[in-house]
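Take a look at the structure below.
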Amino acid sequence: SIIREVTNCLWHHYGVRSILGIQGGYNGLSDPEEFTPIDLQPSIVREIHHKGGSILKAGRGGFDAKKICDNLEAMGINMLFTVGGDGTQGAAHLLYEEALRRGMKVSIVGVPKSIDNDILFFDKTFGFDTAVAAASDIIRNAWVEATSCFKGVGIVKLMGRDAGFVAMNAALASTIVDLVLIPEVSVSMEDIMLHVDATLKYKNFMVIAVAEGAGQ
């Protein structure tokens, strides 16, 4: 949706006719010959929001501020949209500093896209609501399994290495979670087991949502 809306906005509102989609994350900016950019137009992005994943292909690594600035100048790019989470935006700031040092006439615009909702200064990131909705459905499936067994415990592990927003909000949205474990709150295994035993004693089943970074 972000790729689609940025493309349509630039094309229809600002008359921009040269819009490049960089493939493979920063790899595509460091090595555009291997990761060939895609020429984005309204006709290309018209239906991409109905499909999963990204037409630009996600990629990790490949960040080299000096090389990227060289390529931005060589390709005549004067506006760069960086779509991603805290790692992407942290690298974008380093890229901004290198461009500033060179006196480049380029705008670097960070678009906060993270299902974890863990980017500073933003109340909600793109992708977070979708993640919570999907997680809520999985939690309901775990509830079905747990209630189908004698003293059944359904455990759902969710994304969230350093932030437990997905687990917390999915639990609130589903209304059927008995225990949520998130990285921000320390808890002992002894307390967890006591709560599990107490819950099973009075309702005979239980649902637990766990953010991946909980307890680390």
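Each chain in the structure tokens gets a letter, A, B, ..., in the order shown, and its residues are numbered from 1; ligands are numbered from 1 in order too.
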Fewer than 4 positions away in the same chain doesn't count, so skip those; otherwise give me all residues within 12 Å of Gly28 in chain A, counting only C-alpha atoms, as an mmCIF file with N, CA, C and O atoms, in the first residue's frame.
data_model
loop_
_atom_site.group_PDB
_atom_site.id
_atom_site.type_symbol
_atom_site.label_atom_id
_atom_site.label_comp_id
_atom_site.auth_asym_id
_atom_site.auth_seq_id
_atom_site.Cartn_x
_atom_site.Cartn_y
_atom_site.Cartn_z
ATOM 1 N N LEU A 20 11.480 5.349 -9.418
ATOM 2 C CA LEU A 20 12.184 4.070 -9.395
ATOM 3 C C LEU A 20 11.896 3.307 -8.099
ATOM 4 O O LEU A 20 11.970 3.871 -7.015
ATOM 5 N N GLY A 21 11.583 2.047 -8.242
ATOM 6 C CA GLY A 21 11.413 1.170 -7.089
ATOM 7 C C GLY A 21 12.702 0.388 -6.893
ATOM 8 O O GLY A 21 13.105 -0.395 -7.761
ATOM 9 N N ILE A 22 13.382 0.631 -5.793
ATOM 10 C CA ILE A 22 14.665 -0.020 -5.521
ATOM 11 C C ILE A 22 14.430 -1.404 -4.931
ATOM 12 O O ILE A 22 13.743 -1.552 -3.919
ATOM 13 N N GLN A 23 15.019 -2.421 -5.535
ATOM 14 C CA GLN A 23 14.811 -3.791 -5.086
ATOM 15 C C GLN A 23 15.846 -4.224 -4.039
ATOM 16 O O GLN A 23 16.981 -3.766 -4.035
ATOM 17 N N GLY A 24 15.404 -5.094 -3.138
ATOM 18 C CA GLY A 24 16.312 -5.679 -2.162
ATOM 19 C C GLY A 24 16.786 -4.743 -1.075
ATOM 20 O O GLY A 24 17.879 -4.927 -0.527
ATOM 21 N N PRO A 32 22.943 -1.196 -7.832
ATOM 22 C CA PRO A 32 21.772 -1.161 -8.720
ATOM 23 C C PRO A 32 21.937 -1.988 -10.001
ATOM 24 O O PRO A 32 20.948 -2.293 -10.671
ATOM 25 N N GLU A 33 23.170 -2.363 -10.328
ATOM 26 C CA GLU A 33 23.379 -3.187 -11.514
ATOM 27 C C GLU A 33 22.920 -4.624 -11.272
ATOM 28 O O GLU A 33 22.369 -5.269 -12.165
ATOM 29 N N GLU A 34 23.153 -5.108 -10.069
ATOM 30 C CA GLU A 34 22.691 -6.467 -9.743
ATOM 31 C C GLU A 34 21.225 -6.476 -9.363
ATOM 32 O O GLU A 34 20.476 -7.389 -9.740
ATOM 33 N N PHE A 35 20.796 -5.472 -8.607
ATOM 34 C CA PHE A 35 19.394 -5.352 -8.199
ATOM 35 C C PHE A 35 18.759 -4.241 -9.041
ATOM 36 O O PHE A 35 18.695 -3.087 -8.624
ATOM 37 N N THR A 36 18.298 -4.614 -10.211
ATOM 38 C CA THR A 36 17.801 -3.624 -11.165
ATOM 39 C C THR A 36 16.545 -2.916 -10.655
ATOM 40 O O THR A 36 15.568 -3.580 -10.276
ATOM 41 N N PRO A 37 16.533 -1.589 -10.621
ATOM 42 C CA PRO A 37 15.346 -0.843 -10.176
ATOM 43 C C PRO A 37 14.154 -1.081 -11.098
ATOM 44 O O PRO A 37 14.317 -1.366 -12.288
ATOM 45 N N ILE A 38 12.964 -0.982 -10.529
ATOM 46 C CA ILE A 38 11.726 -1.143 -11.291
ATOM 47 C C ILE A 38 11.153 0.236 -11.607
ATOM 48 O O ILE A 38 11.101 1.106 -10.731
ATOM 49 N N LEU A 56 9.006 -5.056 -4.520
ATOM 50 C CA LEU A 56 10.400 -4.600 -4.505
ATOM 51 C C LEU A 56 11.320 -5.599 -3.804
ATOM 52 O O LEU A 56 12.541 -5.390 -3.797
ATOM 53 N N LYS A 57 10.756 -6.650 -3.229
ATOM 54 C CA LYS A 57 11.525 -7.702 -2.562
ATOM 55 C C LYS A 57 12.288 -7.142 -1.355
ATOM 56 O O LYS A 57 13.107 -6.245 -1.486
ATOM 57 N N ALA A 58 12.029 -7.673 -0.197
ATOM 58 C CA ALA A 58 12.718 -7.233 1.018
ATOM 59 C C ALA A 58 14.168 -7.707 0.980
ATOM 60 O O ALA A 58 14.507 -8.677 0.309
ATOM 61 N N GLY A 59 15.024 -7.017 1.700
ATOM 62 C CA GLY A 59 16.426 -7.413 1.743
ATOM 63 C C GLY A 59 17.106 -6.848 2.974
ATOM 64 O O GLY A 59 16.823 -5.727 3.394
ATOM 65 N N ARG A 60 18.031 -7.616 3.529
ATOM 66 C CA ARG A 60 18.789 -7.155 4.696
ATOM 67 C C ARG A 60 20.228 -6.843 4.286
ATOM 68 O O ARG A 60 20.749 -7.395 3.327
ATOM 69 N N GLY A 61 20.841 -5.955 5.055
ATOM 70 C CA GLY A 61 22.240 -5.629 4.784
ATOM 71 C C GLY A 61 22.394 -4.762 3.550
ATOM 72 O O GLY A 61 21.443 -4.166 3.045
ATOM 73 N N GLY A 62 23.622 -4.695 3.061
ATOM 74 C CA GLY A 62 23.903 -3.950 1.847
ATOM 75 C C GLY A 62 24.061 -2.457 2.034
ATOM 76 O O GLY A 62 24.196 -1.719 1.063
ATOM 77 N N PHE A 63 24.057 -1.989 3.301
ATOM 78 C CA PHE A 63 24.114 -0.545 3.509
ATOM 79 C C PHE A 63 25.552 -0.038 3.470
ATOM 80 O O PHE A 63 26.418 -0.516 4.199
ATOM 81 N N ASP A 64 25.791 0.921 2.595
ATOM 82 C CA ASP A 64 27.089 1.600 2.477
ATOM 83 C C ASP A 64 26.786 3.040 2.108
ATOM 84 O O ASP A 64 26.510 3.344 0.948
ATOM 85 N N LYS A 67 28.764 4.680 -0.848
ATOM 86 C CA LYS A 67 28.439 4.077 -2.144
ATOM 87 C C LYS A 67 27.028 4.447 -2.587
ATOM 88 O O LYS A 67 26.769 4.725 -3.762
ATOM 89 N N ILE A 68 26.097 4.451 -1.628
ATOM 90 C CA ILE A 68 24.709 4.789 -1.953
ATOM 91 C C ILE A 68 24.603 6.243 -2.420
ATOM 92 O O ILE A 68 23.906 6.542 -3.389
ATOM 93 N N ASN A 71 25.743 6.509 -5.921
ATOM 94 C CA ASN A 71 24.743 5.994 -6.857
ATOM 95 C C ASN A 71 23.534 6.910 -6.984
ATOM 96 O O ASN A 71 22.947 7.036 -8.060
ATOM 97 N N LEU A 72 23.140 7.535 -5.884
ATOM 98 C CA LEU A 72 22.025 8.489 -5.955
ATOM 99 C C LEU A 72 22.363 9.633 -6.898
ATOM 100 O O LEU A 72 21.522 10.063 -7.696
#
Exercise. Mind checking DSSP for chain A and telling me the strand (DSSP E or B) residues as a ChimeraX atom specification?
Worked result: /A:20-21,38-39,79-84,107-113,126,152-158,179-181,205-211
Exercise. Excluding same-chain residues fewer than 5 positions from Asp129 in chain A, what lies within 10 Å of it counting only C-alpha atoms, as a list in words?
Worked result: Ile115, Asp116, Asn117, Lys124, Ala134, Ala135, Val166, Asn169 and Ala170 of chain A
For this session: Excluding range 5-10 of chain A and any residue of its chain fewer than 2 positions from it, enumerate the residues within 8 Å of it, using only C-alpha atoms, and give them as a list in words.
Result: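 Skipping anything fewer than 2 positions along the chain leaves Ser1, Ile2, Ile3, His12, His13, Tyr14, Gly15, Val16, Ile19, Leu40, Gln41, Pro42 and Val45 of chain A.
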Exercise. Which of these residues is nearest to Ile77 in chain A, using only C-alpha atoms: A:Leu29, A:Ala91, A:Ile119, A:Ala171?
Worked result: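 Of A:Leu29, A:Ala91, A:Ile119, A:Ala171, the one nearest Ile77 in chain A, counting only C-alpha atoms, is A:Leu29.
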For this session: Assign secondary structure with DSSP using the backbone only, and return the residues of range 4-172 of chain A in alpha helix (DSSP H) as a ChimeraX atom specification.
Result: /A:4-8,14,26-30,42-45,65-75,86-102,128-147,165-172
Problem set entry | Which residue of A:Cys69, A:Ile208, A:Leu181, A:Val144 approaches Lys105 in chain A most closely, using only C-alpha atoms |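 Ranking A:Cys69, A:Ile208, A:Leu181, A:Val144 by distance to Lys105 in chain A, first place goes to A:Cys69.
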Fewer than 5 positions away in the same chain doesn't count, so skip those; otherwise give me all residues within 10 Å of Ile155 in chain A, counting only C-alpha atoms, as a PDB file with all heavy atoms, in the first residue's frame.
ATOM      1  N   ILE A 139      -4.969 -16.310  17.659  1.00  0.00           N
ATOM      2  CA  ILE A 139      -5.284 -16.505  19.080  1.00  0.00           C
ATOM      3  C   ILE A 139      -6.633 -17.205  19.235  1.00  0.00           C
ATOM      4  O   ILE A 139      -6.802 -18.086  20.089  1.00  0.00           O
ATOM      5  CB  ILE A 139      -5.272 -15.160  19.824  1.00  0.00           C
ATOM      6  CG1 ILE A 139      -3.823 -14.670  19.988  1.00  0.00           C
ATOM      7  CG2 ILE A 139      -5.955 -15.278  21.187  1.00  0.00           C
ATOM      8  CD1 ILE A 139      -3.703 -13.272  20.550  1.00  0.00           C
ATOM      9  N   ALA A 142      -6.142 -20.786  18.732  1.00  0.00           N
ATOM     10  CA  ALA A 142      -5.533 -21.402  19.910  1.00  0.00           C
ATOM     11  C   ALA A 142      -6.585 -21.633  20.997  1.00  0.00           C
ATOM     12  O   ALA A 142      -6.532 -22.639  21.731  1.00  0.00           O
ATOM     13  CB  ALA A 142      -4.406 -20.513  20.441  1.00  0.00           C
ATOM     14  N   TRP A 143      -7.539 -20.707  21.092  1.00  0.00           N
ATOM     15  CA  TRP A 143      -8.631 -20.863  22.073  1.00  0.00           C
ATOM     16  C   TRP A 143      -9.472 -22.094  21.751  1.00  0.00           C
ATOM     17  O   TRP A 143      -9.837 -22.868  22.655  1.00  0.00           O
ATOM     18  CB  TRP A 143      -9.497 -19.606  22.066  1.00  0.00           C
ATOM     19  CG  TRP A 143     -10.649 -19.651  23.019  1.00  0.00           C
ATOM     20  CD1 TRP A 143     -10.654 -19.281  24.332  1.00  0.00           C
ATOM     21  CD2 TRP A 143     -11.984 -20.100  22.731  1.00  0.00           C
ATOM     22  NE1 TRP A 143     -11.899 -19.467  24.886  1.00  0.00           N
ATOM     23  CE2 TRP A 143     -12.739 -19.970  23.921  1.00  0.00           C
ATOM     24  CE3 TRP A 143     -12.608 -20.583  21.593  1.00  0.00           C
ATOM     25  CZ2 TRP A 143     -14.077 -20.313  23.989  1.00  0.00           C
ATOM     26  CZ3 TRP A 143     -13.951 -20.934  21.659  1.00  0.00           C
ATOM     27  CH2 TRP A 143     -14.665 -20.798  22.855  1.00  0.00           C
ATOM     28  N   GLU A 145      -8.501 -24.776  20.161  1.00  0.00           N
ATOM     29  CA  GLU A 145      -7.721 -25.968  20.494  1.00  0.00           C
ATOM     30  C   GLU A 145      -7.674 -26.195  22.010  1.00  0.00           C
ATOM     31  O   GLU A 145      -7.810 -27.330  22.487  1.00  0.00           O
ATOM     32  CB  GLU A 145      -6.300 -25.828  19.951  1.00  0.00           C
ATOM     33  CG  GLU A 145      -6.203 -25.870  18.442  1.00  0.00           C
ATOM     34  CD  GLU A 145      -6.610 -27.214  17.863  1.00  0.00           C
ATOM     35  OE1 GLU A 145      -6.313 -28.246  18.494  1.00  0.00           O
ATOM     36  OE2 GLU A 145      -7.240 -27.232  16.794  1.00  0.00           O
ATOM     37  N   ALA A 146      -7.454 -25.125  22.755  1.00  0.00           N
ATOM     38  CA  ALA A 146      -7.338 -25.254  24.210  1.00  0.00           C
ATOM     39  C   ALA A 146      -8.643 -25.734  24.841  1.00  0.00           C
ATOM     40  O   ALA A 146      -8.638 -26.569  25.750  1.00  0.00           O
ATOM     41  CB  ALA A 146      -6.917 -23.922  24.818  1.00  0.00           C
ATOM     42  N   VAL A 177      -7.489 -13.993  26.016  1.00  0.00           N
ATOM     43  CA  VAL A 177      -6.156 -14.380  26.463  1.00  0.00           C
ATOM     44  C   VAL A 177      -6.068 -14.280  27.990  1.00  0.00           C
ATOM     45  O   VAL A 177      -6.493 -13.293  28.584  1.00  0.00           O
ATOM     46  CB  VAL A 177      -5.077 -13.486  25.805  1.00  0.00           C
ATOM     47  CG1 VAL A 177      -3.701 -13.797  26.369  1.00  0.00           C
ATOM     48  CG2 VAL A 177      -5.083 -13.687  24.295  1.00  0.00           C
ATOM     49  N   LEU A 179      -3.002 -14.858  29.696  1.00  0.00           N
ATOM     50  CA  LEU A 179      -1.669 -14.418  30.097  1.00  0.00           C
ATOM     51  C   LEU A 179      -0.935 -13.868  28.878  1.00  0.00           C
ATOM     52  O   LEU A 179      -0.896 -14.520  27.833  1.00  0.00           O
ATOM     53  CB  LEU A 179      -0.874 -15.578  30.705  1.00  0.00           C
ATOM     54  CG  LEU A 179       0.596 -15.313  31.050  1.00  0.00           C
ATOM     55  CD1 LEU A 179       0.706 -14.240  32.130  1.00  0.00           C
ATOM     56  CD2 LEU A 179       1.289 -16.598  31.494  1.00  0.00           C
ATOM     57  N   VAL A 180      -0.369 -12.674  29.019  1.00  0.00           N
ATOM     58  CA  VAL A 180       0.424 -12.068  27.955  1.00  0.00           C
ATOM     59  C   VAL A 180       1.832 -11.815  28.483  1.00  0.00           C
ATOM     60  O   VAL A 180       2.007 -11.192  29.529  1.00  0.00           O
ATOM     61  CB  VAL A 180      -0.184 -10.726  27.475  1.00  0.00           C
ATOM     62  CG1 VAL A 180       0.613 -10.185  26.298  1.00  0.00           C
ATOM     63  CG2 VAL A 180      -1.639 -10.903  27.089  1.00  0.00           C
ATOM     64  N   MET A 206      -6.654 -22.653  29.003  1.00  0.00           N
ATOM     65  CA  MET A 206      -5.946 -21.378  29.098  1.00  0.00           C
ATOM     66  C   MET A 206      -5.339 -21.011  27.745  1.00  0.00           C
ATOM     67  O   MET A 206      -4.946 -21.877  26.966  1.00  0.00           O
ATOM     68  CB  MET A 206      -4.843 -21.470  30.148  1.00  0.00           C
ATOM     69  CG  MET A 206      -4.099 -20.183  30.413  1.00  0.00           C
ATOM     70  SD  MET A 206      -2.888 -20.403  31.731  1.00  0.00           S
ATOM     71  CE  MET A 206      -2.365 -18.710  31.976  1.00  0.00           C
ATOM     72  N   VAL A 207      -5.255 -19.700  27.476  1.00  0.00           N
ATOM     73  CA  VAL A 207      -4.605 -19.196  26.261  1.00  0.00           C
ATOM     74  C   VAL A 207      -3.517 -18.207  26.673  1.00  0.00           C
ATOM     75  O   VAL A 207      -3.764 -17.303  27.475  1.00  0.00           O
ATOM     76  CB  VAL A 207      -5.606 -18.503  25.313  1.00  0.00           C
ATOM     77  CG1 VAL A 207      -4.866 -17.917  24.096  1.00  0.00           C
ATOM     78  CG2 VAL A 207      -6.662 -19.483  24.849  1.00  0.00           C
ATOM     79  N   ILE A 208      -2.325 -18.400  26.126  1.00  0.00           N
ATOM     80  CA  ILE A 208      -1.180 -17.540  26.430  1.00  0.00           C
ATOM     81  C   ILE A 208      -0.657 -16.916  25.139  1.00  0.00           C
ATOM     82  O   ILE A 208      -0.466 -17.619  24.151  1.00  0.00           O
ATOM     83  CB  ILE A 208      -0.051 -18.331  27.111  1.00  0.00           C
ATOM     84  CG1 ILE A 208      -0.554 -19.008  28.377  1.00  0.00           C
ATOM     85  CG2 ILE A 208       1.138 -17.430  27.424  1.00  0.00           C
ATOM     86  CD1 ILE A 208       0.463 -19.946  29.009  1.00  0.00           C
ATOM     87  N   ALA A 209      -0.409 -15.623  25.168  1.00  0.00           N
ATOM     88  CA  ALA A 209       0.220 -14.923  24.038  1.00  0.00           C
ATOM     89  C   ALA A 209       1.615 -14.474  24.481  1.00  0.00           C
ATOM     90  O   ALA A 209       1.766 -13.856  25.533  1.00  0.00           O
ATOM     91  CB  ALA A 209      -0.612 -13.719  23.609  1.00  0.00           C
ATOM     92  N   VAL A 210       2.617 -14.813  23.675  1.00  0.00           N
ATOM     93  CA  VAL A 210       4.002 -14.524  24.044  1.00  0.00           C
ATOM     94  C   VAL A 210       4.692 -13.753  22.940  1.00  0.00           C
ATOM     95  O   VAL A 210       4.762 -14.212  21.794  1.00  0.00           O
ATOM     96  CB  VAL A 210       4.784 -15.826  24.300  1.00  0.00           C
ATOM     97  CG1 VAL A 210       6.186 -15.498  24.834  1.00  0.00           C
ATOM     98  CG2 VAL A 210       4.050 -16.733  25.257  1.00  0.00           C
TER      99      VAL A 210
END
